[in-house]
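To start, the structure itself, in structure tokens.
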Amino acid sequence: MSDGKNKLGRFFSENAVVIIFLLITVLAVKPSGLSLTYITQEMINRVGRDSFLVLALLLPIYAGMGLNFGMTLGAMSGQIGLIFAINYNIRGVDGLLFAALVGTPISILMGYICGAVLNKAKGREMVTGYILAFFINGVYQFVVMYLMGSIIPIKNPAILLSRGYGIRNTLDLSGVRQSLDNLLMLHLGPFALPCATFLVIAALCVFIAWFKKTKLGQDMRAVGYDMKVADSAGIAVDGTRIVAIIISTVLACYGQIIFLQNMGNFATYNAHDQTSFFAVAAILVGGASVKKATLPNVFIGVILLHVLFVVSPLAGQNLFGSAMIGEYFRQFIGYGVIALSLVLYAWRSRKEAMAARESLRGGAFGAAGQTAGGTK
Amino acid sequence: MRSPKQMVEDFGWPRIIIFLFLVALFIAAPLVKVRIDASLSDVLNRFGQNAIFVLAMVPMIQSGCGLNFGLSIGIVAGLLGSTLSIEFGLTGFWGFFFAILLSAPFAVLFGWLYGKLLNKVKGEEMTIAMYVGFAGVMFMCIMWLVLPYTSPNMIWGYGGKGLRTTITVEGYWLKILNNFLALKIGDFIFPTGELLFVALIVWLMSVFMKTRTGTAMTAVGSNPDYARASGISIDRMRTVSVVISTFLGAVGICVYEQSFGFIQLYTAPTSMPFAAVAAILIGGASVNKASMVNVIVGAFLFQGLLTMTPSVINSALQTDMSEVIRIIVSNGIILYALTRKTKAAK
């Protein structure tokens, strides 16, 4: 009798984050006073800018490693690539390709380190990845602030600090600014579509969909489902996990390059600070969980999160007379969403584990709990 | 008897390296003309400022909730208390005392809710704690803008809205603990009152850990099955530990403010938990075991490192590398602790 109600309840609890977020966003659009045309154009820009980074999160989720907060390592590798591209003054798409070329080996190394560290911290990958990103941030600062120009040959005086070594705080990317976006810009009525960027993103989506079907992709999902079972099936668990993180890190490296070419300049020492925060918030807002994520989650998430980010400062200004309120509100929402979906996920998986335990003990109630937990 | 090699392994190489590094800094200090007495009094002062944050880690580690990355929840409760104390215009010892007293109800309420939440997510506490902490800080950022404070010392002048980013406690309870019975020998100042206060709180904590509730808490953390079999309510003990930790966070920020001289609002509390986590781990604690000795040693080593590296390294190399060293050392030690093999908490 309560089956329909149960189903509806489960739909709400599984999509609680998306629903809550959709409500807040819709409510905030009107008071912001922004036109729908403006918001749509902003969304087109931001989907092009951010999707690649968010897509980088998918593989570690398949491999059961949760949200890869260590993606920041890839972002830093991409930034190092860009610094070299500016140093040699390579312009346009060539500059981006060169940055990616420099960034790839660094991000592979970083991904390997990250994967190896996370293998030593099974069961708490997320918090470890987060701290690892902080740690490598220290190393990045050391390299960029002290080694570049003194040991690593950087000659371009335009990007060096006046003391002769170390890179300036903000770098102007005018040489490569929006070079990918403008490569194939389609003007459609009031909108401008950066088709080249979209093609790159589409290619990545195809790659991920294809990768899931390969032997390695299947292994990854097996590891994500149950490490012990995968191990006894002869899958190299640790190696597979490292590969998932390496691919994710390399993708994050390319993602950051795409992100920064769209922005047009970057803060050398903290452009990567918020990378994982935005990407993780986006994928969770899109309805993904720690264990399960799909391509639509990525795009729904990027759009929803960014609509809120665009409208909230103005909505704050118009509703409360202070843009800062909107600014803090969107950060609160970002962190809150991450916390909420982690809580909902942990809570649900505990409930399922409890139901499974009840059913082991036998008893009618337990059996009912098991079917309820097992139908998913 | 344990062999020396075993003891070294128990203590952990990173800690030994940090300890030796600190000793080397103290030896090197006179060579680069950094005054030992001034540095030493800085170290003591900052030890007192931060020790209570580090102590706040103990109850939750002991009860199996892991490292409290959400300590900022307690810190914002303390900020509420101290801004209220200034709002009421309380000065001197009573001002400080009321700052703690007024923050207590907030700390207990926040801690209780936070503890209830953590009980629902066993095994995932640390990541969630971090984000709950961040979200809490951001929520309070909005509150600092809209709460109806009126004290002219705290709100923005010229028609601005909300509280200032930093509020001075000068004229209220600046250095109220530090100057109590303080000893001055040249540049060396011994902050007697502050250290006495820290000693008192640490003593209370160690007494508490030996009471029935305290032992039950440790039992919950070290062996939940045994605890459940002895009729201890696991969830209740965990909640109590979170409430205590949150309250200590509130007391900690009040002590910090009176010594530092300013109340820092808005996003300032975001990074504070990480320093406390790093400190207790440097002191020898692990993700599921911590003692008072870990607190004292950790707070001293970590703050010593933070105080000595800028002055010594900067004088020696003529550049400011202290920030980079701080980031690498503090996160490196947290990373080391997280990658140790420990029993997974159920």
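For the structure tokens, the naming scheme is as follows: chains receive sequential letters (A, B, ...) according to their order of presentation, residues are indexed from 1 within each chain, and ligands are indexed from 1 in presentation order.
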Identify, with DSSP run on backbone atoms, the residues in stretch 188-308 of chain B assigned to strand (DSSP E or B), and express the list as number ranges by chain. B: 188-190, 262-264, 286, 289
Would you write out, as a Markdown table, a table of all residues in stretch 29-95 of chain A that have an atom no more than 8 Å from an atom of stretch 101-109 of chain A, listing for each the closest atom pair and the distance in Å to one decimal, considering only C-alpha atoms and ordering rows by chain and rising residue number?
```
| residue | atom | partner | partner_atom | distance |
| --- | --- | --- | --- | --- |
| A:Leu73 | CA | A:Ser107 | CA | 7.1 |
| A:Gly74 | CA | A:Ser107 | CA | 5.2 |
| A:Ser77 | CA | A:Gly103 | CA | 5.0 |
| A:Gly78 | CA | A:Gly103 | CA | 4.9 |
| A:Gln79 | CA | A:Gly103 | CA | 7.7 |
| A:Ile80 | CA | A:Gly103 | CA | 6.6 |
| A:Gly81 | CA | A:Gly103 | CA | 4.7 |
| A:Phe84 | CA | A:Val102 | CA | 7.8 |
```
What does the file look like for those residues with N, CA and C atoms, as a PDB file, in the first residue's frame?
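Produced file out-v9.pdb, reproduced below:
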```
ATOM      1  N   LEU A  73      46.010  18.927  -8.164  1.00  0.00           N
ATOM      2  CA  LEU A  73      47.380  18.641  -8.613  1.00  0.00           C
ATOM      3  C   LEU A  73      47.479  18.788 -10.126  1.00  0.00           C
ATOM      4  N   GLY A  74      46.448  18.287 -10.830  1.00  0.00           N
ATOM      5  CA  GLY A  74      46.424  18.421 -12.276  1.00  0.00           C
ATOM      6  C   GLY A  74      46.315  19.873 -12.688  1.00  0.00           C
ATOM      7  N   SER A  77      49.593  21.470 -12.527  1.00  0.00           N
ATOM      8  CA  SER A  77      50.448  21.066 -13.648  1.00  0.00           C
ATOM      9  C   SER A  77      50.104  21.877 -14.891  1.00  0.00           C
ATOM     10  N   GLY A  78      48.799  22.063 -15.121  1.00  0.00           N
ATOM     11  CA  GLY A  78      48.372  22.859 -16.267  1.00  0.00           C
ATOM     12  C   GLY A  78      48.889  24.280 -16.177  1.00  0.00           C
ATOM     13  N   GLN A  79      48.871  24.817 -14.965  1.00  0.00           N
ATOM     14  CA  GLN A  79      49.349  26.194 -14.793  1.00  0.00           C
ATOM     15  C   GLN A  79      50.840  26.299 -15.088  1.00  0.00           C
ATOM     16  N   ILE A  80      51.595  25.278 -14.677  1.00  0.00           N
ATOM     17  CA  ILE A  80      53.027  25.295 -14.974  1.00  0.00           C
ATOM     18  C   ILE A  80      53.229  25.268 -16.491  1.00  0.00           C
ATOM     19  N   GLY A  81      52.416  24.456 -17.178  1.00  0.00           N
ATOM     20  CA  GLY A  81      52.482  24.432 -18.634  1.00  0.00           C
ATOM     21  C   GLY A  81      52.232  25.814 -19.222  1.00  0.00           C
ATOM     22  N   PHE A  84      55.152  28.208 -18.902  1.00  0.00           N
ATOM     23  CA  PHE A  84      56.176  27.993 -19.929  1.00  0.00           C
ATOM     24  C   PHE A  84      55.728  28.538 -21.283  1.00  0.00           C
TER      25      PHE A  84
END
```
Which of stretch 54-236 of chain A end up as helix (DSSP H, G or I) when DSSP is run on this backbone - answer as a ChimeraX atom specification? /A:54-55,58-62,71-87,92-119,125-147,179-183,195-213,215-225,227-232
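Here atom CA of A:Ser289 is placed at a distance of 6.6 Å from atom CA of A:Tyr345.
From atom CA of B:Ala285 back to atom CA of B:Ala337, the distance works out to 8.4 Å.
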Output as an MDAnalysis selection string the set of chain A residues within 8 Å of chain B, with distances taken over only C-alpha atoms. chainID A and resid 117:118 120:121 123:124 126:128 131:132 134:139 141:142 322 325 328:329 331:336 338:339 342:343 346:347 350
Resulting file, chosen residues, C-alpha atoms, as an mmCIF file, in the first residue's frame:
```cif
data_model
loop_
_atom_site.group_PDB
_atom_site.id
_atom_site.type_symbol
_atom_site.label_atom_id
_atom_site.label_comp_id
_atom_site.auth_asym_id
_atom_site.auth_seq_id
_atom_site.Cartn_x
_atom_site.Cartn_y
_atom_site.Cartn_z
ATOM 1 C CA VAL A 117 49.167 8.119 -1.457
ATOM 2 C CA LEU A 118 45.441 7.409 -1.716
ATOM 3 C CA LYS A 120 47.769 4.048 1.545
ATOM 4 C CA ALA A 121 44.653 5.766 2.867
ATOM 5 C CA GLY A 123 38.543 4.439 3.195
ATOM 6 C CA ARG A 124 39.500 8.062 3.669
ATOM 7 C CA MET A 126 38.604 12.251 0.104
ATOM 8 C CA VAL A 127 40.076 13.944 3.147
ATOM 9 C CA THR A 128 43.534 12.631 2.225
ATOM 10 C CA ILE A 131 45.186 17.562 2.337
ATOM 11 C CA LEU A 132 47.468 16.256 -0.411
ATOM 12 C CA PHE A 134 47.306 21.549 0.188
ATOM 13 C CA PHE A 135 50.662 19.838 0.531
ATOM 14 C CA ILE A 136 51.463 19.908 -3.178
ATOM 15 C CA ASN A 137 50.277 23.515 -3.213
ATOM 16 C CA GLY A 138 53.210 24.220 -0.882
ATOM 17 C CA VAL A 139 55.575 22.476 -3.270
ATOM 18 C CA GLN A 141 54.574 27.705 -4.420
ATOM 19 C CA PHE A 142 58.165 26.749 -3.710
ATOM 20 C CA SER A 322 24.338 44.085 0.162
ATOM 21 C CA ILE A 325 25.480 38.742 1.373
ATOM 22 C CA TYR A 328 28.798 34.730 1.061
ATOM 23 C CA PHE A 329 25.494 33.037 0.320
ATOM 24 C CA GLN A 331 29.875 30.120 -0.964
ATOM 25 C CA PHE A 332 27.674 28.888 1.845
ATOM 26 C CA ILE A 333 25.531 27.089 -0.707
ATOM 27 C CA GLY A 334 28.582 25.611 -2.415
ATOM 28 C CA TYR A 335 30.049 24.193 0.799
ATOM 29 C CA GLY A 336 26.617 23.337 2.136
ATOM 30 C CA ILE A 338 28.951 19.320 -0.696
ATOM 31 C CA ALA A 339 28.312 18.658 3.011
ATOM 32 C CA LEU A 342 28.085 13.670 1.519
ATOM 33 C CA VAL A 343 25.835 13.402 4.573
ATOM 34 C CA ALA A 346 26.823 8.328 4.103
ATOM 35 C CA TRP A 347 23.483 8.207 5.887
ATOM 36 C CA ARG A 350 24.627 3.180 6.587
#
```
Under the rule that only C-alpha atoms are counted, which of A:Ile86, A:Ala222, A:Ala279, A:Ala236 is the nearest residue to A:Leu160? A:Ile86
Leaving out B:Phe21 and any residue of its chain fewer than 2 positions from it, which residues lie within 12 Å of it when counting only C-alpha atoms, given as a list in words? Pro14, Arg15, Ile16, Ile17, Ile18, Phe19, Val23, Ala24, Leu25, Phe26, Ile27, Ala28, Leu301, Phe302, Gly304, Leu305, Leu306, Met308, Thr309, Val312, Ile313, Ile325 and Val329 of chain B
Requested write-out: C-alpha atoms of the selected residues, as a compact mmCIF listing (two decimals), in the first residue's frame:
```txt
# COMPACT_ATOMS: atom_id res chain seq x y z
CA PRO B 14 58.45 13.11 10.57
CA ARG B 15 58.14 14.19 14.20
CA ILE B 16 61.80 13.52 14.90
CA ILE B 17 62.81 15.48 11.82
CA ILE B 18 60.62 18.41 12.85
CA PHE B 19 62.01 18.30 16.37
CA VAL B 23 66.52 22.54 17.61
CA ALA B 24 68.68 23.50 14.63
CA LEU B 25 66.69 26.73 14.24
CA PHE B 26 67.31 27.66 17.87
CA ILE B 27 71.03 26.93 17.49
CA ALA B 28 71.20 28.91 14.26
CA LEU B 301 56.71 22.15 18.38
CA PHE B 302 54.27 23.48 15.80
CA GLY B 304 57.90 26.94 17.69
CA LEU B 305 58.31 26.06 14.07
CA LEU B 306 55.91 28.78 12.93
CA MET B 308 61.24 30.43 14.38
CA THR B 309 61.22 29.69 10.64
CA VAL B 312 65.68 32.59 11.24
CA ILE B 313 65.19 31.58 7.61
CA ILE B 325 57.58 25.90 4.83
CA VAL B 329 55.23 20.97 7.07
```
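Near B:Pro269, within a cut-off of 8 Å and counting only C-alpha atoms, sit the residues Ser72, Ile75, Val76, Val137, Gln264, Leu265, Tyr266, Thr267, Ser271, Met272 and Pro273 of chain B, with same-chain residues fewer than 2 positions away left out.
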Could the residues in this selection be saved with C-alpha atoms as an mmCIF file, in the first residue's frame?
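Produced file part.cif, reproduced below:
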```cif
data_model
loop_
_atom_site.group_PDB
_atom_site.id
_atom_site.type_symbol
_atom_site.label_atom_id
_atom_site.label_comp_id
_atom_site.auth_asym_id
_atom_site.auth_seq_id
_atom_site.Cartn_x
_atom_site.Cartn_y
_atom_site.Cartn_z
ATOM 1 C CA SER B 72 35.515 26.214 13.083
ATOM 2 C CA ILE B 75 35.340 28.984 16.800
ATOM 3 C CA VAL B 76 32.303 30.824 15.432
ATOM 4 C CA VAL B 137 31.770 29.771 8.619
ATOM 5 C CA GLN B 264 38.838 38.245 13.328
ATOM 6 C CA LEU B 265 35.462 37.637 11.747
ATOM 7 C CA TYR B 266 34.183 36.454 8.373
ATOM 8 C CA THR B 267 36.395 33.898 6.629
ATOM 9 C CA SER B 271 41.898 27.642 8.109
ATOM 10 C CA MET B 272 42.237 27.524 11.901
ATOM 11 C CA PRO B 273 41.222 23.857 12.330
#
```
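Nearest residue to B:Leu67, choosing from B:Val207, B:Val287, B:Leu80, B:Met217 and counting only C-alpha atoms: B:Val287.
Omitting A:Leu216 and its sequence neighbours fewer than 5 positions away, and counting only C-alpha atoms, the residues within 9 Å are A:Phe211, A:Arg221, A:Thr240.
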Residues near B:Val108, cut-off 9 Å, only C-alpha atoms, skip fewer than 2 positions along chain, as a PyMOL selection string: chain B and resi 74+77+103-106+110-113+243-244+246-247
Just C-alpha atoms for this one: save the residues we selected as a PDB file, in the first residue's frame.
```pdb
ATOM      1  CA  GLY B  74      33.325  25.990  17.880  1.00  0.00           C
ATOM      2  CA  ALA B  77      30.487  30.101  18.709  1.00  0.00           C
ATOM      3  CA  SER B 103      29.674  31.570  23.886  1.00  0.00           C
ATOM      4  CA  ALA B 104      28.931  28.456  25.949  1.00  0.00           C
ATOM      5  CA  PRO B 105      25.237  28.107  24.997  1.00  0.00           C
ATOM      6  CA  PHE B 106      26.050  28.569  21.302  1.00  0.00           C
ATOM      7  CA  PHE B 110      26.123  23.930  17.668  1.00  0.00           C
ATOM      8  CA  GLY B 111      28.182  21.057  19.049  1.00  0.00           C
ATOM      9  CA  TRP B 112      25.099  19.034  19.842  1.00  0.00           C
ATOM     10  CA  LEU B 113      23.698  19.449  16.325  1.00  0.00           C
ATOM     11  CA  VAL B 243      30.122  19.126  22.315  1.00  0.00           C
ATOM     12  CA  ILE B 244      33.252  19.297  24.479  1.00  0.00           C
ATOM     13  CA  THR B 246      33.240  22.514  20.106  1.00  0.00           C
ATOM     14  CA  PHE B 247      33.161  24.273  23.480  1.00  0.00           C
TER      15      PHE B 247
END
```
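Between atom CA of B:Gln6 and atom CA of B:Gln303 lies a distance of 27.4 Å.
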Exercise: stretch 36-53 of chain A partners within 10 Å, only C-alpha atoms, chain neighbours under 6 positions left out, as a short mmCIF file (atom, residue, chain, number, x, y, z; two decimals) with N, CA and C atoms, in the first residue's frame:
```
data_model
loop_
_atom_site.label_atom_id
_atom_site.label_comp_id
_atom_site.auth_asym_id
_atom_site.auth_seq_id
_atom_site.Cartn_x
_atom_site.Cartn_y
_atom_site.Cartn_z
N VAL A 29 16.48 33.89 -9.35
CA VAL A 29 16.61 34.49 -10.68
C VAL A 29 15.85 35.81 -10.76
N LYS A 30 14.62 35.81 -10.28
CA LYS A 30 13.78 36.99 -10.43
C LYS A 30 14.37 38.22 -9.71
N MET A 71 42.42 16.51 -7.69
CA MET A 71 42.46 17.04 -9.06
C MET A 71 43.20 18.37 -9.13
N THR A 72 43.27 19.06 -7.98
CA THR A 72 44.02 20.31 -7.92
C THR A 72 45.46 20.11 -8.40
N GLY A 74 46.45 18.29 -10.83
CA GLY A 74 46.42 18.42 -12.28
C GLY A 74 46.32 19.87 -12.69
N ALA A 75 45.47 20.62 -11.96
CA ALA A 75 45.30 22.03 -12.27
C ALA A 75 46.63 22.76 -12.15
N GLN A 178 41.23 33.08 -24.83
CA GLN A 178 40.07 32.59 -25.57
C GLN A 178 40.41 32.12 -26.97
N ASP A 181 38.25 29.17 -27.64
CA ASP A 181 36.85 29.59 -27.77
C ASP A 181 36.61 30.26 -29.13
N PRO A 190 21.31 36.19 -30.60
CA PRO A 190 22.04 36.99 -29.62
C PRO A 190 23.18 36.21 -28.96
N PHE A 191 23.33 34.93 -29.28
CA PHE A 191 24.29 34.10 -28.55
C PHE A 191 25.55 33.81 -29.37
N ALA A 192 26.65 33.64 -28.65
CA ALA A 192 27.90 33.24 -29.27
C ALA A 192 28.29 31.88 -28.71
N LEU A 193 28.43 30.90 -29.63
CA LEU A 193 28.75 29.55 -29.17
C LEU A 193 30.20 29.20 -29.47
N PRO A 194 31.01 28.95 -28.45
CA PRO A 194 32.40 28.54 -28.70
C PRO A 194 32.45 27.06 -29.10
N CYS A 195 32.24 26.79 -30.40
CA CYS A 195 32.06 25.40 -30.84
C CYS A 195 33.30 24.54 -30.65
N ALA A 196 34.50 25.13 -30.82
CA ALA A 196 35.71 24.32 -30.68
C ALA A 196 35.80 23.76 -29.27
N THR A 197 35.52 24.62 -28.28
CA THR A 197 35.56 24.17 -26.89
C THR A 197 34.54 23.06 -26.67
N PHE A 198 33.34 23.27 -27.23
CA PHE A 198 32.30 22.26 -27.06
C PHE A 198 32.71 20.94 -27.71
N LEU A 199 33.40 21.05 -28.86
CA LEU A 199 33.84 19.82 -29.53
C LEU A 199 34.83 19.06 -28.66
N VAL A 200 35.75 19.80 -28.04
CA VAL A 200 36.73 19.16 -27.16
C VAL A 200 36.01 18.45 -26.02
N ILE A 201 35.02 19.15 -25.45
CA ILE A 201 34.28 18.56 -24.33
C ILE A 201 33.51 17.32 -24.80
N ALA A 202 32.90 17.44 -26.00
CA ALA A 202 32.15 16.30 -26.53
C ALA A 202 33.08 15.12 -26.75
N LEU A 204 35.73 14.44 -25.12
CA LEU A 204 36.04 13.84 -23.82
C LEU A 204 34.88 12.97 -23.33
N CYS A 205 33.64 13.44 -23.55
CA CYS A 205 32.49 12.63 -23.15
C CYS A 205 32.50 11.29 -23.88
N SER A 248 42.47 11.07 -14.30
CA SER A 248 41.74 12.21 -13.75
C SER A 248 42.64 13.44 -13.62
N THR A 249 43.88 13.21 -13.16
CA THR A 249 44.80 14.33 -12.97
C THR A 249 45.18 14.96 -14.31
N LEU A 251 43.42 14.90 -17.04
CA LEU A 251 42.24 15.63 -17.54
C LEU A 251 42.08 16.95 -16.81
N ALA A 252 42.34 16.94 -15.50
CA ALA A 252 42.24 18.19 -14.74
C ALA A 252 43.25 19.20 -15.25
N CYS A 253 44.42 18.72 -15.66
CA CYS A 253 45.46 19.60 -16.21
C CYS A 253 44.94 20.28 -17.47
N TYR A 254 44.38 19.50 -18.40
CA TYR A 254 43.83 20.09 -19.63
C TYR A 254 42.64 20.99 -19.28
N GLY A 255 41.83 20.53 -18.33
CA GLY A 255 40.65 21.30 -17.93
C GLY A 255 41.04 22.68 -17.42
N GLN A 256 42.10 22.72 -16.62
CA GLN A 256 42.54 24.01 -16.07
C GLN A 256 43.06 24.92 -17.18
N ILE A 257 43.72 24.33 -18.18
CA ILE A 257 44.22 25.14 -19.30
C ILE A 257 43.03 25.75 -20.05
N ILE A 258 41.99 24.94 -20.29
CA ILE A 258 40.79 25.45 -20.97
C ILE A 258 40.12 26.53 -20.12
N PHE A 259 40.04 26.27 -18.81
CA PHE A 259 39.43 27.23 -17.88
C PHE A 259 40.17 28.57 -17.94
N LEU A 260 41.50 28.51 -17.88
CA LEU A 260 42.27 29.75 -17.80
C LEU A 260 42.30 30.50 -19.12
N GLN A 261 42.30 29.78 -20.27
CA GLN A 261 42.28 30.51 -21.54
C GLN A 261 40.97 31.28 -21.67
N ASN A 262 39.90 30.75 -21.07
CA ASN A 262 38.64 31.48 -21.11
C ASN A 262 38.68 32.69 -20.20
N MET A 263 39.30 32.54 -19.02
CA MET A 263 39.38 33.66 -18.08
C MET A 263 40.27 34.77 -18.63
N THR A 275 39.61 25.25 -7.47
CA THR A 275 39.28 24.35 -8.58
C THR A 275 38.45 23.16 -8.13
N SER A 276 38.95 22.44 -7.10
CA SER A 276 38.23 21.23 -6.72
C SER A 276 36.91 21.58 -6.06
N PHE A 278 34.80 24.07 -6.79
CA PHE A 278 33.77 24.32 -7.80
C PHE A 278 33.39 23.04 -8.53
N ALA A 279 34.41 22.25 -8.90
CA ALA A 279 34.12 21.05 -9.68
C ALA A 279 33.29 20.07 -8.86
N VAL A 280 33.69 19.86 -7.60
CA VAL A 280 32.98 18.91 -6.75
C VAL A 280 31.57 19.40 -6.47
N ALA A 282 29.81 21.29 -8.32
CA ALA A 282 29.02 21.19 -9.54
C ALA A 282 28.50 19.77 -9.74
N ILE A 283 29.39 18.78 -9.63
CA ILE A 283 28.95 17.42 -9.94
C ILE A 283 27.92 16.95 -8.91
N VAL A 298 27.08 15.93 -14.76
CA VAL A 298 28.09 16.96 -14.92
C VAL A 298 27.47 18.23 -15.49
N PHE A 299 26.70 18.07 -16.57
CA PHE A 299 26.21 19.27 -17.26
C PHE A 299 25.07 19.94 -16.48
N ILE A 300 24.18 19.12 -15.92
CA ILE A 300 23.12 19.70 -15.08
C ILE A 300 23.76 20.49 -13.96
N GLY A 301 24.78 19.89 -13.35
CA GLY A 301 25.44 20.51 -12.22
C GLY A 301 26.11 21.82 -12.58
N VAL A 302 26.88 21.81 -13.67
CA VAL A 302 27.59 23.04 -14.06
C VAL A 302 26.57 24.15 -14.30
N ILE A 303 25.48 23.83 -14.99
CA ILE A 303 24.50 24.88 -15.31
C ILE A 303 23.82 25.39 -14.05
N LEU A 304 23.33 24.47 -13.21
CA LEU A 304 22.62 24.90 -12.00
C LEU A 304 23.52 25.74 -11.10
N LEU A 305 24.72 25.22 -10.85
CA LEU A 305 25.63 25.92 -9.93
C LEU A 305 25.95 27.31 -10.45
N HIS A 306 26.18 27.40 -11.77
CA HIS A 306 26.59 28.69 -12.30
C HIS A 306 25.45 29.67 -12.43
N VAL A 307 24.25 29.18 -12.68
CA VAL A 307 23.12 30.11 -12.67
C VAL A 307 23.06 30.78 -11.29
N VAL A 310 25.84 33.29 -10.85
CA VAL A 310 25.65 34.52 -11.60
C VAL A 310 24.61 35.41 -10.92
N VAL A 311 23.52 34.79 -10.46
CA VAL A 311 22.43 35.63 -9.96
C VAL A 311 22.56 36.01 -8.49
#
```
